[in-house]
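Undergrad: Structure supplied as my_file_23.pdb; contents: PDB, N, CA and C atoms and all ligand atoms.
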ATOM      1  N   MET A  26       0.842  -1.188   0.000
ATOM      2  CA  MET A  26       0.000   0.000   0.000
ATOM      3  C   MET A  26       0.883   1.246   0.000
ATOM      4  N   SER A  27       0.630   2.136  -0.921
ATOM      5  CA  SER A  27       1.491   3.305  -1.030
ATOM      6  C   SER A  27       1.052   4.409  -0.085
ATOM      7  N   ASP A  28       1.957   5.326   0.177
ATOM      8  CA  ASP A  28       1.608   6.478   1.006
ATOM      9  C   ASP A  28       0.543   7.323   0.328
ATOM     10  N   LYS A  29       0.604   7.346  -1.012
ATOM     11  CA  LYS A  29      -0.352   8.165  -1.747
ATOM     12  C   LYS A  29      -1.778   7.660  -1.529
ATOM     13  N   LEU A  30      -1.938   6.339  -1.501
ATOM     14  CA  LEU A  30      -3.260   5.781  -1.248
ATOM     15  C   LEU A  30      -3.688   6.084   0.189
ATOM     16  N   GLU A  31      -2.745   6.005   1.110
ATOM     17  CA  GLU A  31      -3.052   6.278   2.506
ATOM     18  C   GLU A  31      -3.542   7.708   2.691
ATOM     19  N   ASN A  32      -2.881   8.656   2.038
ATOM     20  CA  ASN A  32      -3.207  10.047   2.274
ATOM     21  C   ASN A  32      -2.970  10.913   1.047
ATOM     22  N   PRO A  33      -3.986  10.977   0.162
ATOM     23  CA  PRO A  33      -3.845  11.839  -1.010
ATOM     24  C   PRO A  33      -3.996  13.319  -0.646
ATOM     25  N   TYR A  34      -4.413  13.595   0.556
ATOM     26  CA  TYR A  34      -4.573  14.973   1.008
ATOM     27  C   TYR A  34      -3.408  15.345   1.915
ATOM     28  N   GLY A  35      -3.074  16.600   1.961
ATOM     29  CA  GLY A  35      -2.010  17.064   2.836
ATOM     30  C   GLY A  35      -2.497  17.198   4.275
ATOM     31  N   ASP A  36      -1.539  17.205   5.178
ATOM     32  CA  ASP A  36      -1.880  17.360   6.594
ATOM     33  C   ASP A  36      -2.615  18.673   6.856
ATOM     34  N   GLN A  37      -2.200  19.732   6.159
ATOM     35  CA  GLN A  37      -2.836  21.030   6.395
ATOM     36  C   GLN A  37      -4.320  20.976   6.031
ATOM     37  N   PHE A  38      -4.636  20.342   4.893
ATOM     38  CA  PHE A  38      -6.054  20.224   4.505
ATOM     39  C   PHE A  38      -6.828  19.414   5.537
ATOM     40  N   LEU A  39      -6.256  18.293   5.979
ATOM     41  CA  LEU A  39      -6.964  17.448   6.954
ATOM     42  C   LEU A  39      -7.185  18.204   8.259
ATOM     43  N   HIS A  40      -6.209  18.982   8.641
ATOM     44  CA  HIS A  40      -6.344  19.814   9.839
ATOM     45  C   HIS A  40      -7.465  20.841   9.650
ATOM     46  N   ASP A  41      -7.454  21.498   8.500
ATOM     47  CA  ASP A  41      -8.490  22.508   8.208
ATOM     48  C   ASP A  41      -9.873  21.860   8.125
ATOM     49  N   ALA A  42      -9.938  20.660   7.554
ATOM     50  CA  ALA A  42     -11.213  19.944   7.448
ATOM     51  C   ALA A  42     -11.754  19.617   8.837
ATOM     52  N   LEU A  43     -10.869  19.212   9.721
ATOM     53  CA  LEU A  43     -11.282  18.912  11.096
ATOM     54  C   LEU A  43     -11.834  20.170  11.772
ATOM     55  N   GLU A  44     -11.136  21.286  11.591
ATOM     56  CA  GLU A  44     -11.592  22.542  12.199
ATOM     57  C   GLU A  44     -12.929  22.977  11.604
ATOM     58  N   TYR A  45     -13.078  22.797  10.288
ATOM     59  CA  TYR A  45     -14.323  23.171   9.622
ATOM     60  C   TYR A  45     -15.492  22.381  10.205
ATOM     61  N   VAL A  46     -15.330  21.071  10.317
ATOM     62  CA  VAL A  46     -16.407  20.222  10.840
ATOM     63  C   VAL A  46     -16.657  20.526  12.318
ATOM     64  N   ALA A  47     -15.594  20.769  13.065
ATOM     65  CA  ALA A  47     -15.758  21.088  14.492
ATOM     66  C   ALA A  47     -16.590  22.354  14.654
ATOM     67  N   LYS A  48     -16.328  23.341  13.790
ATOM     68  CA  LYS A  48     -17.060  24.599  13.861
ATOM     69  C   LYS A  48     -18.525  24.403  13.445
ATOM     70  N   LYS A  49     -18.716  23.651  12.356
ATOM     71  CA  LYS A  49     -20.075  23.451  11.835
ATOM     72  C   LYS A  49     -20.935  22.595  12.750
ATOM     73  N   THR A  50     -20.316  21.685  13.498
ATOM     74  CA  THR A  50     -21.096  20.706  14.268
ATOM     75  C   THR A  50     -20.801  20.788  15.759
ATOM     76  N   SER A  51     -20.381  21.952  16.222
ATOM     77  CA  SER A  51     -19.948  22.069  17.624
ATOM     78  C   SER A  51     -21.046  21.714  18.625
ATOM     79  N   LYS A  52     -22.294  21.855  18.221
ATOM     80  CA  LYS A  52     -23.388  21.542  19.144
ATOM     81  C   LYS A  52     -23.993  20.166  18.903
ATOM     82  N   ALA A  53     -23.376  19.395  18.008
ATOM     83  CA  ALA A  53     -23.933  18.093  17.641
ATOM     84  C   ALA A  53     -23.728  17.071  18.758
ATOM     85  N   LYS A  54     -24.839  16.480  19.179
ATOM     86  CA  LYS A  54     -24.757  15.423  20.182
ATOM     87  C   LYS A  54     -24.900  14.068  19.492
ATOM     88  N   CYS A  55     -24.357  13.055  20.118
ATOM     89  CA  CYS A  55     -24.484  11.699  19.586
ATOM     90  C   CYS A  55     -25.966  11.343  19.469
ATOM     91  N   PRO A  56     -26.414  10.868  18.293
ATOM     92  CA  PRO A  56     -27.836  10.546  18.118
ATOM     93  C   PRO A  56     -28.285   9.333  18.942
ATOM     94  N   PHE A  57     -27.362   8.583  19.476
ATOM     95  CA  PHE A  57     -27.747   7.370  20.205
ATOM     96  C   PHE A  57     -27.716   7.555  21.713
ATOM     97  N   CYS A  58     -26.765   8.364  22.231
ATOM     98  CA  CYS A  58     -26.673   8.483  23.690
ATOM     99  C   CYS A  58     -26.710   9.931  24.171
ATOM    100  N   GLY A  59     -26.691  10.899  23.254
ATOM    101  CA  GLY A  59     -26.805  12.298  23.654
ATOM    102  C   GLY A  59     -25.520  12.937  24.131
ATOM    103  N   ASN A  60     -24.437  12.205  24.121
ATOM    104  CA  ASN A  60     -23.144  12.738  24.549
ATOM    105  C   ASN A  60     -22.651  13.786  23.538
ATOM    106  N   PRO A  61     -22.171  14.946  23.999
ATOM    107  CA  PRO A  61     -21.694  15.975  23.071
ATOM    108  C   PRO A  61     -20.203  15.871  22.730
ATOM    109  N   ASN A  62     -19.522  14.901  23.283
ATOM    110  CA  ASN A  62     -18.073  14.819  23.094
ATOM    111  C   ASN A  62     -17.673  13.737  22.103
ATOM    112  N   TRP A  63     -16.803  14.134  21.164
ATOM    113  CA  TRP A  63     -16.337  13.242  20.098
ATOM    114  C   TRP A  63     -14.821  13.207  20.091
ATOM    115  N   THR A  64     -14.264  12.111  19.637
ATOM    116  CA  THR A  64     -12.825  12.004  19.529
ATOM    117  C   THR A  64     -12.448  11.440  18.161
ATOM    118  N   TYR A  65     -11.171  11.456  17.843
ATOM    119  CA  TYR A  65     -10.695  10.975  16.545
ATOM    120  C   TYR A  65      -9.271  10.494  16.725
ATOM    121  N   GLU A  66      -8.797   9.750  15.742
ATOM    122  CA  GLU A  66      -7.405   9.326  15.763
ATOM    123  C   GLU A  66      -6.563  10.451  15.198
ATOM    124  N   ASN A  67      -5.658  10.946  15.998
ATOM    125  CA  ASN A  67      -4.824  12.072  15.596
ATOM    126  C   ASN A  67      -3.518  11.572  14.984
ATOM    127  N   GLY A  68      -3.348  11.875  13.677
ATOM    128  CA  GLY A  68      -2.116  11.502  13.008
ATOM    129  C   GLY A  68      -1.095  12.629  13.031
ATOM    130  N   GLY A  69      -1.466  13.745  13.646
ATOM    131  CA  GLY A  69      -0.557  14.879  13.769
ATOM    132  C   GLY A  69      -0.102  15.021  15.208
ATOM    133  N   GLY A  70       0.141  16.250  15.608
ATOM    134  CA  GLY A  70       0.559  16.498  16.986
ATOM    135  C   GLY A  70      -0.476  17.345  17.693
ATOM    136  N   LEU A  71      -0.134  17.799  18.890
ATOM    137  CA  LEU A  71      -1.058  18.639  19.648
ATOM    138  C   LEU A  71      -1.192  20.019  19.013
ATOM    139  N   LEU A  72      -0.111  20.513  18.407
ATOM    140  CA  LEU A  72      -0.161  21.846  17.812
ATOM    141  C   LEU A  72      -0.975  21.872  16.533
ATOM    142  N   MET A  73      -0.911  20.795  15.741
ATOM    143  CA  MET A  73      -1.711  20.714  14.524
ATOM    144  C   MET A  73      -2.334  19.325  14.417
ATOM    145  N   PRO A  74      -3.487  19.155  15.078
ATOM    146  CA  PRO A  74      -4.156  17.856  14.995
ATOM    147  C   PRO A  74      -4.520  17.517  13.554
ATOM    148  N   VAL A  75      -4.272  16.294  13.154
ATOM    149  CA  VAL A  75      -4.574  15.829  11.800
ATOM    150  C   VAL A  75      -5.345  14.506  11.924
ATOM    151  N   PRO A  76      -6.637  14.521  11.567
ATOM    152  CA  PRO A  76      -7.404  13.276  11.690
ATOM    153  C   PRO A  76      -6.939  12.243  10.680
ATOM    154  N   LYS A  77      -6.823  11.008  11.105
ATOM    155  CA  LYS A  77      -6.458   9.944  10.172
ATOM    156  C   LYS A  77      -7.621   9.679   9.227
ATOM    157  N   MET A  78      -7.273   9.326   7.991
ATOM    158  CA  MET A  78      -8.286   9.081   6.971
ATOM    159  C   MET A  78      -8.751   7.632   6.988
ATOM    160  N   ALA A  79      -9.942   7.437   6.445
ATOM    161  CA  ALA A  79     -10.456   6.098   6.188
ATOM    162  C   ALA A  79     -11.146   6.153   4.836
ATOM    163  N   TYR A  80     -11.471   4.985   4.294
ATOM    164  CA  TYR A  80     -12.189   4.932   3.018
ATOM    165  C   TYR A  80     -13.434   4.081   3.174
ATOM    166  N   ILE A  81     -14.547   4.587   2.695
ATOM    167  CA  ILE A  81     -15.774   3.806   2.671
ATOM    168  C   ILE A  81     -15.919   3.239   1.263
ATOM    169  N   PRO A  82     -15.796   1.921   1.108
ATOM    170  CA  PRO A  82     -15.936   1.332  -0.229
ATOM    171  C   PRO A  82     -17.372   1.443  -0.723
ATOM    172  N   MET A  83     -17.519   1.814  -1.982
ATOM    173  CA  MET A  83     -18.850   1.971  -2.555
ATOM    174  C   MET A  83     -19.354   0.690  -3.199
ATOM    175  N   ARG A  84     -18.434  -0.140  -3.667
ATOM    176  CA  ARG A  84     -18.832  -1.422  -4.224
ATOM    177  C   ARG A  84     -17.589  -2.305  -4.281
ATOM    178  N   TYR A  85     -17.852  -3.585  -4.427
ATOM    179  CA  TYR A  85     -16.768  -4.540  -4.457
ATOM    180  C   TYR A  85     -16.366  -4.809  -5.906
ATOM    181  N   GLN A  86     -15.101  -4.642  -6.226
ATOM    182  CA  GLN A  86     -14.629  -4.831  -7.599
ATOM    183  C   GLN A  86     -13.422  -5.767  -7.617
ATOM    184  N   PRO A  87     -13.667  -7.060  -7.465
ATOM    185  CA  PRO A  87     -12.528  -7.984  -7.386
ATOM    186  C   PRO A  87     -11.715  -8.049  -8.670
ATOM    187  N   GLN A  88     -12.313  -7.742  -9.844
ATOM    188  CA  GLN A  88     -11.597  -7.830 -11.112
ATOM    189  C   GLN A  88     -10.573  -6.708 -11.267
ATOM    190  N   THR A  89     -10.913  -5.541 -10.814
ATOM    191  CA  THR A  89     -10.028  -4.409 -11.025
ATOM    192  C   THR A  89      -9.207  -4.059  -9.788
ATOM    193  N   GLY A  90      -9.443  -4.782  -8.724
ATOM    194  CA  GLY A  90      -8.643  -4.504  -7.541
ATOM    195  C   GLY A  90      -9.278  -3.499  -6.622
ATOM    196  N   GLN A  91      -8.979  -2.253  -6.882
ATOM    197  CA  GLN A  91      -9.425  -1.238  -5.940
ATOM    198  C   GLN A  91     -10.879  -0.847  -6.171
ATOM    199  N   ALA A  92     -11.658  -0.857  -5.115
ATOM    200  CA  ALA A  92     -13.055  -0.462  -5.201
ATOM    201  C   ALA A  92     -13.169   1.054  -5.168
ATOM    202  N   ALA A  93     -14.197   1.562  -5.850
ATOM    203  CA  ALA A  93     -14.493   2.980  -5.724
ATOM    204  C   ALA A  93     -14.811   3.258  -4.266
ATOM    205  N   SER A  94     -14.295   4.359  -3.759
ATOM    206  CA  SER A  94     -14.480   4.606  -2.343
ATOM    207  C   SER A  94     -14.516   6.101  -2.052
ATOM    208  N   ILE A  95     -15.057   6.427  -0.906
ATOM    209  CA  ILE A  95     -15.129   7.817  -0.464
ATOM    210  C   ILE A  95     -14.103   8.032   0.642
ATOM    211  N   PRO A  96     -13.168   8.968   0.460
ATOM    212  CA  PRO A  96     -12.244   9.273   1.543
ATOM    213  C   PRO A  96     -12.953  10.085   2.622
ATOM    214  N   VAL A  97     -12.775   9.670   3.847
ATOM    215  CA  VAL A  97     -13.451  10.316   4.974
ATOM    216  C   VAL A  97     -12.500  10.430   6.163
ATOM    217  N   PHE A  98     -12.892  11.234   7.134
ATOM    218  CA  PHE A  98     -12.310  11.054   8.455
ATOM    219  C   PHE A  98     -13.452  10.747   9.405
ATOM    220  N   THR A  99     -13.125  10.132  10.504
ATOM    221  CA  THR A  99     -14.165   9.654  11.410
ATOM    222  C   THR A  99     -14.098  10.376  12.742
ATOM    223  N   LEU A 100     -15.254  10.526  13.343
ATOM    224  CA  LEU A 100     -15.362  11.015  14.714
ATOM    225  C   LEU A 100     -16.112   9.942  15.499
ATOM    226  N   THR A 101     -15.647   9.671  16.695
ATOM    227  CA  THR A 101     -16.231   8.614  17.521
ATOM    228  C   THR A 101     -16.779   9.190  18.815
ATOM    229  N   CYS A 102     -18.009   8.831  19.141
ATOM    230  CA  CYS A 102     -18.619   9.245  20.409
ATOM    231  C   CYS A 102     -17.795   8.680  21.559
ATOM    232  N   THR A 103     -17.436   9.549  22.509
ATOM    233  CA  THR A 103     -16.591   9.090  23.616
ATOM    234  C   THR A 103     -17.353   8.273  24.651
ATOM    235  N   GLU A 104     -18.687   8.197  24.516
ATOM    236  CA  GLU A 104     -19.465   7.407  25.483
ATOM    237  C   GLU A 104     -19.867   6.047  24.932
ATOM    238  N   CYS A 105     -20.510   6.036  23.734
ATOM    239  CA  CYS A 105     -21.049   4.760  23.231
ATOM    240  C   CYS A 105     -20.253   4.211  22.050
ATOM    241  N   GLY A 106     -19.313   5.005  21.508
ATOM    242  CA  GLY A 106     -18.483   4.498  20.418
ATOM    243  C   GLY A 106     -19.099   4.629  19.039
ATOM    244  N   PHE A 107     -20.255   5.258  18.946
ATOM    245  CA  PHE A 107     -20.847   5.476  17.625
ATOM    246  C   PHE A 107     -19.854   6.243  16.750
ATOM    247  N   VAL A 108     -19.692   5.791  15.497
ATOM    248  CA  VAL A 108     -18.731   6.405  14.586
ATOM    249  C   VAL A 108     -19.465   7.141  13.475
ATOM    250  N   ARG A 109     -19.082   8.383  13.250
ATOM    251  CA  ARG A 109     -19.626   9.140  12.129
ATOM    252  C   ARG A 109     -18.496   9.457  11.147
ATOM    253  N   HIS A 110     -18.874   9.610   9.865
ATOM    254  CA  HIS A 110     -17.890   9.867   8.820
ATOM    255  C   HIS A 110     -18.133  11.225   8.190
ATOM    256  N   HIS A 111     -17.056  11.904   7.820
ATOM    257  CA  HIS A 111     -17.164  13.173   7.100
ATOM    258  C   HIS A 111     -16.414  13.065   5.780
ATOM    259  N   ASN A 112     -17.146  13.350   4.707
ATOM    260  CA  ASN A 112     -16.681  13.194   3.334
ATOM    261  C   ASN A 112     -15.663  14.283   2.997
ATOM    262  N   LEU A 113     -14.415  13.887   2.778
ATOM    263  CA  LEU A 113     -13.350  14.873   2.561
ATOM    264  C   LEU A 113     -13.473  15.643   1.253
ATOM    265  N   PRO A 114     -13.820  15.008   0.125
ATOM    266  CA  PRO A 114     -14.005  15.806  -1.101
ATOM    267  C   PRO A 114     -15.109  16.849  -0.944
ATOM    268  N   MET A 115     -16.167  16.516  -0.196
ATOM    269  CA  MET A 115     -17.234  17.482   0.047
ATOM    270  C   MET A 115     -16.718  18.662   0.865
ATOM    271  N   ILE A 116     -15.958  18.356   1.893
ATOM    272  CA  ILE A 116     -15.413  19.433   2.734
ATOM    273  C   ILE A 116     -14.466  20.307   1.918
ATOM    274  N   MET A 117     -13.726  19.661   1.013
ATOM    275  CA  MET A 117     -12.797  20.425   0.181
ATOM    276  C   MET A 117     -13.540  21.478  -0.631
ATOM    277  N   THR A 118     -14.721  21.127  -1.144
ATOM    278  CA  THR A 118     -15.499  22.115  -1.919
ATOM    279  C   THR A 118     -15.939  23.264  -1.034
ATOM    280  N   LYS A 119     -16.123  23.005   0.252
ATOM    281  CA  LYS A 119     -16.546  24.062   1.181
ATOM    282  C   LYS A 119     -15.369  24.958   1.573
ATOM    283  N   LEU A 120     -14.190  24.370   1.653
ATOM    284  CA  LEU A 120     -13.015  25.143   2.068
ATOM    285  C   LEU A 120     -12.432  25.966   0.932
ATOM    286  N   ASP A 121     -12.662  25.535  -0.312
ATOM    287  CA  ASP A 121     -12.150  26.286  -1.457
ATOM    288  C   ASP A 121     -12.778  27.670  -1.477
ATOM    289  N   GLY A 122     -11.958  28.690  -1.423
ATOM    290  CA  GLY A 122     -12.462  30.050  -1.476
ATOM    291  C   GLY A 122     -13.202  30.475  -0.236
ATOM    292  N   ASN A 123     -13.000  29.745   0.842
ATOM    293  CA  ASN A 123     -13.661  30.063   2.106
ATOM    294  C   ASN A 123     -12.613  30.043   3.217
ATOM    295  N   ASP A 124     -12.275  31.212   3.701
ATOM    296  CA  ASP A 124     -11.245  31.293   4.720
ATOM    297  C   ASP A 124     -11.816  31.211   6.123
ATOM    298  N   GLY A 125     -13.034  30.902   6.251
ATOM    299  CA  GLY A 125     -13.533  30.724   7.593
ATOM    300  C   GLY A 125     -15.002  31.018   7.667
TER     301      GLY A 125
HETATM  302 ZN    ZN B 201     -22.929   8.017  21.853
END
Turn the structure described in the file into structure tokens.
Ligand SMILES: [Zn+2]
TA:
Amino acid sequence: MSDKLENPYGDQFLHDALEYVAKKTSKAKCPFCGNPNWTYENGGGLLMPVPKMAYIPMRYQPQTGQAASIPVFTLTCTECGFVRHHNLPMIMTKLDGNDG
């Protein structure tokens, strides 16, 4: 597995995407237990948190190898473990030309 497949986005974008979602969903509570606190796997440091990426496969393609997939980062409820995904290409369209 290449590094490019692991992370086609730069750390700065992933950091900005995390901040964007945190700002947009700061009041979001877990739909299952009502907990307002979420966590993520940090691939960066404390100064610049960088959420680790995951891919949601859209279909299984054994003939061609790699399945079409959506790059996301995940947030996990700190109480019940419910996992939510945020679509990185979608966030990229929101961050383009938007400084905050
Ligand atoms: Zn929960």
Undergrad: Counting all atoms listed in the file, which residue out of A:Pro114, A:Gly106, A:Pro33, A:Pro74 sits closest to ligand ZN 201 (chain B)?
TA: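 Using all atoms listed in the file, ligand ZN 201 (chain B) sits closest to A:Gly106.
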Undergrad: At a cut-off of 6 Å, can you tabulate as CSV every residue of chain A near ligand ZN 201 (chain B) together with its closest atom pair and the distance in Å to one decimal, using only N, CA and C atoms and all ligand atoms and ordering rows by chain then number?
TA:
residue,atom,partner,partner_atom,distance
A:Cys55,CA,B:ZN201,ZN,4.6
A:Pro56,N,B:ZN201,ZN,5.7
A:Phe57,C,B:ZN201,ZN,4.8
A:Cys58,N,B:ZN201,ZN,3.9
A:Gly59,N,B:ZN201,ZN,4.9
A:Asn60,N,B:ZN201,ZN,5.0
A:Cys102,CA,B:ZN201,ZN,4.7
A:Thr103,N,B:ZN201,ZN,5.7
A:Glu104,C,B:ZN201,ZN,4.8
A:Cys105,N,B:ZN201,ZN,3.6
A:Gly106,N,B:ZN201,ZN,4.7
A:Phe107,N,B:ZN201,ZN,4.8
Undergrad: Convert the output of the PyMOL selection byres (((chain A and resi 65 and name CA) around 12) and not hetatm and name CA) on the shown file into explicit residues, formatted as a PyMOL selection string.
TA: chain A and resi 40+43+47+62-64+66-69+74-79+97-103+106-111
Undergrad: Take the residues that were just selected and, keeping N, CA and C atoms, output them as a compact mmCIF listing (two decimals), in the frame of the given file.
TA:
# COMPACT_ATOMS: atom_id res chain seq x y z
N HIS A 40 -6.21 18.98 8.64
CA HIS A 40 -6.34 19.81 9.84
C HIS A 40 -7.46 20.84 9.65
N LEU A 43 -10.87 19.21 9.72
CA LEU A 43 -11.28 18.91 11.10
C LEU A 43 -11.83 20.17 11.77
N ALA A 47 -15.59 20.77 13.06
CA ALA A 47 -15.76 21.09 14.49
C ALA A 47 -16.59 22.35 14.65
N ASN A 62 -19.52 14.90 23.28
CA ASN A 62 -18.07 14.82 23.09
C ASN A 62 -17.67 13.74 22.10
N TRP A 63 -16.80 14.13 21.16
CA TRP A 63 -16.34 13.24 20.10
C TRP A 63 -14.82 13.21 20.09
N THR A 64 -14.26 12.11 19.64
CA THR A 64 -12.82 12.00 19.53
C THR A 64 -12.45 11.44 18.16
N GLU A 66 -8.80 9.75 15.74
CA GLU A 66 -7.40 9.33 15.76
C GLU A 66 -6.56 10.45 15.20
N ASN A 67 -5.66 10.95 16.00
CA ASN A 67 -4.82 12.07 15.60
C ASN A 67 -3.52 11.57 14.98
N GLY A 68 -3.35 11.88 13.68
CA GLY A 68 -2.12 11.50 13.01
C GLY A 68 -1.10 12.63 13.03
N GLY A 69 -1.47 13.74 13.65
CA GLY A 69 -0.56 14.88 13.77
C GLY A 69 -0.10 15.02 15.21
N PRO A 74 -3.49 19.16 15.08
CA PRO A 74 -4.16 17.86 15.00
C PRO A 74 -4.52 17.52 13.55
N VAL A 75 -4.27 16.29 13.15
CA VAL A 75 -4.57 15.83 11.80
C VAL A 75 -5.34 14.51 11.92
N PRO A 76 -6.64 14.52 11.57
CA PRO A 76 -7.40 13.28 11.69
C PRO A 76 -6.94 12.24 10.68
N LYS A 77 -6.82 11.01 11.10
CA LYS A 77 -6.46 9.94 10.17
C LYS A 77 -7.62 9.68 9.23
N MET A 78 -7.27 9.33 7.99
CA MET A 78 -8.29 9.08 6.97
C MET A 78 -8.75 7.63 6.99
N ALA A 79 -9.94 7.44 6.44
CA ALA A 79 -10.46 6.10 6.19
C ALA A 79 -11.15 6.15 4.84
N VAL A 97 -12.78 9.67 3.85
CA VAL A 97 -13.45 10.32 4.97
C VAL A 97 -12.50 10.43 6.16
N PHE A 98 -12.89 11.23 7.13
CA PHE A 98 -12.31 11.05 8.46
C PHE A 98 -13.45 10.75 9.40
N THR A 99 -13.12 10.13 10.50
CA THR A 99 -14.16 9.65 11.41
C THR A 99 -14.10 10.38 12.74
N LEU A 100 -15.25 10.53 13.34
CA LEU A 100 -15.36 11.02 14.71
C LEU A 100 -16.11 9.94 15.50
N THR A 101 -15.65 9.67 16.70
CA THR A 101 -16.23 8.61 17.52
C THR A 101 -16.78 9.19 18.82
N CYS A 102 -18.01 8.83 19.14
CA CYS A 102 -18.62 9.24 20.41
C CYS A 102 -17.80 8.68 21.56
N THR A 103 -17.44 9.55 22.51
CA THR A 103 -16.59 9.09 23.62
C THR A 103 -17.35 8.27 24.65
N GLY A 106 -19.31 5.00 21.51
CA GLY A 106 -18.48 4.50 20.42
C GLY A 106 -19.10 4.63 19.04
N PHE A 107 -20.26 5.26 18.95
CA PHE A 107 -20.85 5.48 17.62
C PHE A 107 -19.85 6.24 16.75
N VAL A 108 -19.69 5.79 15.50
CA VAL A 108 -18.73 6.40 14.59
C VAL A 108 -19.46 7.14 13.48
N ARG A 109 -19.08 8.38 13.25
CA ARG A 109 -19.63 9.14 12.13
C ARG A 109 -18.50 9.46 11.15
N HIS A 110 -18.87 9.61 9.86
CA HIS A 110 -17.89 9.87 8.82
C HIS A 110 -18.13 11.22 8.19
N HIS A 111 -17.06 11.90 7.82
CA HIS A 111 -17.16 13.17 7.10
C HIS A 111 -16.41 13.06 5.78
Undergrad: Using DSSP assignments from the backbone, pull out every residue in chain A that falls under strand (DSSP E) and give it to me as a list in words.
TA: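 Answer for chain A restricted to strand (DSSP E) is Trp63, Thr64, Met78, Ala79, Tyr80, Ile81, Pro82, Ser94, Ile95, Pro96, Val97, Phe98, Thr99, Leu100, Thr101, Cys102, Val108, Arg109, His110, His111 and Asn112 of chain A.
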Undergrad: Nearest residue to Met73 in chain A out of A:Leu39, A:Tyr34, A:Met117, A:Asn112, using all atoms listed in the file?
TA: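 Smallest distance to Met73 in chain A is found for A:Leu39.
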Undergrad: Can you work out the spacing between atom N of Pro61 in chain A and CA of Met83 in chain A in Å, to one decimal?
TA: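 Going from atom N of Pro61 in chain A over to CA of Met83 in chain A, I get 29.7 Å.
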Undergrad: In Å, how far is it from CA of Ala93 in chain A to CA of Lys49 in chain A?
TA: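 Taking CA of Ala93 in chain A and CA of Lys49 in chain A, their separation equals 27.5 Å.
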Undergrad: Figure out the distance between atom C of Lys119 in chain A and atom N of Tyr45 in chain A, please, to one decimal in Å.
TA: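 Rounded to one decimal, the two atoms are 9.3 Å apart.
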Undergrad: Excluding Ala42 in chain A and any residue of its chain fewer than 5 positions from it, enumerate the residues within 8 Å of it, using only C-alpha atoms, and give them as a VMD selection string.
TA: chain A and resid 113 116 to 117 120
Undergrad: Give the helix (DSSP H, G or I) residues of range 42-118 of chain A, as DSSP finds them on the backbone, and put them as a PDB file with N, CA and C atoms, in the coordinates of the input.
TA:
ATOM      1  N   ALA A  42      -9.938  20.660   7.554  1.00  0.00           N
ATOM      2  CA  ALA A  42     -11.213  19.944   7.448  1.00  0.00           C
ATOM      3  C   ALA A  42     -11.754  19.617   8.837  1.00  0.00           C
ATOM      4  N   LEU A  43     -10.869  19.212   9.721  1.00  0.00           N
ATOM      5  CA  LEU A  43     -11.282  18.912  11.096  1.00  0.00           C
ATOM      6  C   LEU A  43     -11.834  20.170  11.772  1.00  0.00           C
ATOM      7  N   GLU A  44     -11.136  21.286  11.591  1.00  0.00           N
ATOM      8  CA  GLU A  44     -11.592  22.542  12.199  1.00  0.00           C
ATOM      9  C   GLU A  44     -12.929  22.977  11.604  1.00  0.00           C
ATOM     10  N   TYR A  45     -13.078  22.797  10.288  1.00  0.00           N
ATOM     11  CA  TYR A  45     -14.323  23.171   9.622  1.00  0.00           C
ATOM     12  C   TYR A  45     -15.492  22.381  10.205  1.00  0.00           C
ATOM     13  N   VAL A  46     -15.330  21.071  10.317  1.00  0.00           N
ATOM     14  CA  VAL A  46     -16.407  20.222  10.840  1.00  0.00           C
ATOM     15  C   VAL A  46     -16.657  20.526  12.318  1.00  0.00           C
ATOM     16  N   ALA A  47     -15.594  20.769  13.065  1.00  0.00           N
ATOM     17  CA  ALA A  47     -15.758  21.088  14.492  1.00  0.00           C
ATOM     18  C   ALA A  47     -16.590  22.354  14.654  1.00  0.00           C
ATOM     19  N   LYS A  48     -16.328  23.341  13.790  1.00  0.00           N
ATOM     20  CA  LYS A  48     -17.060  24.599  13.861  1.00  0.00           C
ATOM     21  C   LYS A  48     -18.525  24.403  13.445  1.00  0.00           C
ATOM     22  N   LYS A  49     -18.716  23.651  12.356  1.00  0.00           N
ATOM     23  CA  LYS A  49     -20.075  23.451  11.835  1.00  0.00           C
ATOM     24  C   LYS A  49     -20.935  22.595  12.750  1.00  0.00           C
ATOM     25  N   LEU A 113     -14.415  13.887   2.778  1.00  0.00           N
ATOM     26  CA  LEU A 113     -13.350  14.873   2.561  1.00  0.00           C
ATOM     27  C   LEU A 113     -13.473  15.643   1.253  1.00  0.00           C
ATOM     28  N   PRO A 114     -13.820  15.008   0.125  1.00  0.00           N
ATOM     29  CA  PRO A 114     -14.005  15.806  -1.101  1.00  0.00           C
ATOM     30  C   PRO A 114     -15.109  16.849  -0.944  1.00  0.00           C
ATOM     31  N   MET A 115     -16.167  16.516  -0.196  1.00  0.00           N
ATOM     32  CA  MET A 115     -17.234  17.482   0.047  1.00  0.00           C
ATOM     33  C   MET A 115     -16.718  18.662   0.865  1.00  0.00           C
ATOM     34  N   ILE A 116     -15.958  18.356   1.893  1.00  0.00           N
ATOM     35  CA  ILE A 116     -15.413  19.433   2.734  1.00  0.00           C
ATOM     36  C   ILE A 116     -14.466  20.307   1.918  1.00  0.00           C
ATOM     37  N   MET A 117     -13.726  19.661   1.013  1.00  0.00           N
ATOM     38  CA  MET A 117     -12.797  20.425   0.181  1.00  0.00           C
ATOM     39  C   MET A 117     -13.540  21.478  -0.631  1.00  0.00           C
ATOM     40  N   THR A 118     -14.721  21.127  -1.144  1.00  0.00           N
ATOM     41  CA  THR A 118     -15.499  22.115  -1.919  1.00  0.00           C
ATOM     42  C   THR A 118     -15.939  23.264  -1.034  1.00  0.00           C
TER      43      THR A 118
END
Undergrad: Would you give the centre and edge lengths, in Å to one decimal, of a box along x, y and z around the listed atoms of range 68-82 of chain A, with 4 Å added to each side, as AutoDock Vina command-line options?
TA:
--center_x -8.4 --center_y 11.6 --center_z 9.5 --size_x 25.9 --size_y 28.5 --size_z 28.4
